[in-house]
Each structure stands twice: as C-alpha cells, then as structure tokens.
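Remarks on the structure that follows.
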Amino acid sequence: MTKILFYLILVLFALNGFSQVDKIKENSDNNKKESEHLGGNSSPCMENCGEACFSSVADFCFDIAISSMIELNKSYIDNKDNVPIVTSFDFMPQGAFHPSSSIIALPRIRGNWGLFSTDARFTSLIEITSQGSDYWNTIDWQVLQLNLLVTKPVILRIGSGFMFENYSKTYFNEHSIGLDFFMDDYKYRIDNEFRIAKDYTTANIPRIEGSTRFNYALLQNDHIDGYISLGVLYQNYYLDVPMWSCIGGMAFNFH
C-alpha cells in the first residue's frame, strides 16, 4: 500500500509539473505570430539580433563621457591590490530545482576588467513528466556590463545584451542589474541580480528574472576564491509561467 501511495504521489507531481514547457512554447509561438503580423524581423542571424540590443549598449557608452569612463576604469584597476576581483574571471557551474519535476542548468562565465564586464550563460529548463522529458533552452549574453561601483564590500553593475530563444530561433534584448555584497575579506558574498528581456515589436516580455545567492568560500588563495552557493531564483516566462526555484552549485573567481 505504501508503494502504491508513493507512486501515485510521483505521478501527481509529474502531472502537476507537466505543461510548463508546453505553456512557454505556446506563448513563444503566439509572440512570433504576433511579431510577424506586426511586420517584426526576428531573424536567427546575429546581425539582425535586434537593433535594440546593440543600440542599448551604445547608449551606455554615450550616456557616460568617454574620458570619464577611461579615468574611472584606470582608478578601478589601480585599486586591484585592495579589490582583486576588479580584473578577474568568474566561472559558475550552477543549477536550480523547481518542485516538483523541473531542473534548470545554469552554467555561466563572466570576465571583469575594471569598469567593464561581459557575462555569458546557458539556461536549460528540463521538465520531467510522466510522458518523458521536455526542454526550454536559451543563450543569455550580457554583452556589456558597466561596474558603476567597485569597492571591497560592494559592487554594483548594470548591463545589456540579448537572450537567444532556441525554440523560436529569436533574439530579444535583455537588460540586467546586479548588486554584490562581500564580507570578511571575501569569505562570504551575497549576489543579487535582476534581468528582463523584451520583444520591442510585440511589447511582450519573454522572461523576467530575479535571484539571490549566498556564497561561502571553501577555497581562498592569492589567485582563486572558490565558493559553494545556495539561493533562490524567480523566473516568469511571458508573464504567464512563473517559477520559483532553489539555486545552488559552485562559483569560482580567478584573479
């Protein structure tokens, strides 16, 4: 009897989780049809990735005087002895679990050089149901991030780039803002991030996302900080498929 109840619970969980990816795909199909109806150009080619993406990156550059950016970048790099991660490389093999039947792979890299960063991530939502597995994959590249505040206890960055939706072969402009807190000489850190991707043709929002990750250093030396991470991730696809997940894994900073 116990085994029967156990399997019934598993089936109910699977049925409860079923259709999340299907629902996202349905929204994606509707958005693409609406975009085509409105005459939008959602080419899979990178050069057509969306004027909004790279015009937004250009806006960042022109909104801040070039001379000021150069001076600020120099001041950050000159302070490397005090804030070593100012010129560094991040590798974050992380994933998330959404009860009761979905996991999310989130491997990610980021390069930092003073005022500037670039951040690339592969996102794969894997839904396990009674009918098998289904996938929703995106490539997320914050082409340019500006580290507006770089101090030993706090880093504030804003960025812009694109989210490539593999299912529809469509690029969407994505913006981000991140706020990281560091304590006890980088032994502890709290990373907070918000992202929003938008289709400017249809005014739909393919994804909105927020996360908070708590990190504890298991490894620290002159060139590497290695952390174990645990936190919470919120994603909402097309403002129709909300998902709360537990996120965890490792984070390495090479400096």
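Within each chain, counting starts at residue 1; across the structure tokens, chains are named A, B, ... in the order shown, with ligands numbered 1 upward in that order.
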Contacts of Thr138 in chain A within 9 Å, only C-alpha atoms, excl. fewer than 4 positions in-chain, as a PyMOL selection string: chain A and resi 121-125+163-167
Shell of 8 Å around range 81-84 of chain A, only C-alpha atoms, local chain residues under 6 positions omitted, as a PyMOL selection string: chain A and resi 151-152+255
Best match for closeness to Ile104 in chain A among A:Ser176, A:Gln131, A:Asn27, A:Asn137, counting only C-alpha atoms: A:Asn137
Minimum-distance residue to Ser102 in chain A, chosen among A:Trp244, A:Phe252, A:Phe182, A:Phe89 (using only C-alpha atoms): A:Trp244
Residues of range 9-253 of chain A in strand (DSSP E), written as JSON, numbers by chain: {"A": [87, 88, 89, 90, 91, 92, 94, 95, 96, 97, 98, 102, 103, 104, 105, 108, 109, 110, 111, 112, 113, 116, 117, 118, 119, 120, 121, 122, 123, 124, 125, 126, 127, 128, 129, 132, 133, 134, 135, 136, 137, 138, 139, 140, 141, 142, 143, 144, 145, 146, 147, 148, 149, 150, 154, 155, 156, 157, 158, 159, 160, 161, 162, 163, 164, 165, 170, 171, 172, 173, 174, 175, 176, 177, 178, 179, 180, 181, 182, 183, 188, 189, 190, 191, 192, 193, 194, 195, 196, 197, 198, 207, 208, 209, 210, 211, 212, 213, 214, 215, 216, 217, 218, 219, 220, 224, 225, 226, 227, 228, 229, 230, 231, 232, 233, 234, 235, 236, 237, 241, 242, 243, 244, 245, 246, 247, 248, 249, 250, 251, 252, 253]}
Neighbour list for range 64-80 of chain A as JSON, numbers by chain, cut-off 12 Å, only C-alpha atoms, skip fewer than 3 positions in-chain: {"A": [57, 58, 59, 60, 61, 83, 84, 85, 86, 87, 88, 112, 113, 114, 115, 116, 117, 146, 147, 148, 149, 150, 151, 152, 155, 255]}
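The nearest approach to Glu209 in chain A among the residues A:Arg189, A:His223, A:Arg110, A:His175, with only C-alpha atoms taken into account, belongs to A:His175.
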Filtered DSSP result for range 13-239 of chain A, state helix (DSSP H, G or I), as JSON, numbers by chain: {"A": [13, 14, 15, 16, 17, 20, 21, 22, 23, 24, 25, 26, 27, 28, 29, 30, 31, 32, 33, 34, 35, 36, 37, 46, 47, 48, 51, 52, 53, 54, 55, 56, 57, 58, 59, 60, 61, 62, 63, 66, 67, 68, 69, 70, 71, 72, 73, 74, 75, 76, 77, 78, 84, 85, 86]}
d(CA of Tyr216 in chain A, CA of Leu230 in chain A) in Å: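 Separating CA of Tyr216 in chain A from CA of Leu230 in chain A is a distance of 9.0 Å.
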For CA of Arg195 in chain A and CA of Asp119 in chain A, the interatomic separation in Å (one decimal):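 Between these atoms lies a distance of 12.3 Å.
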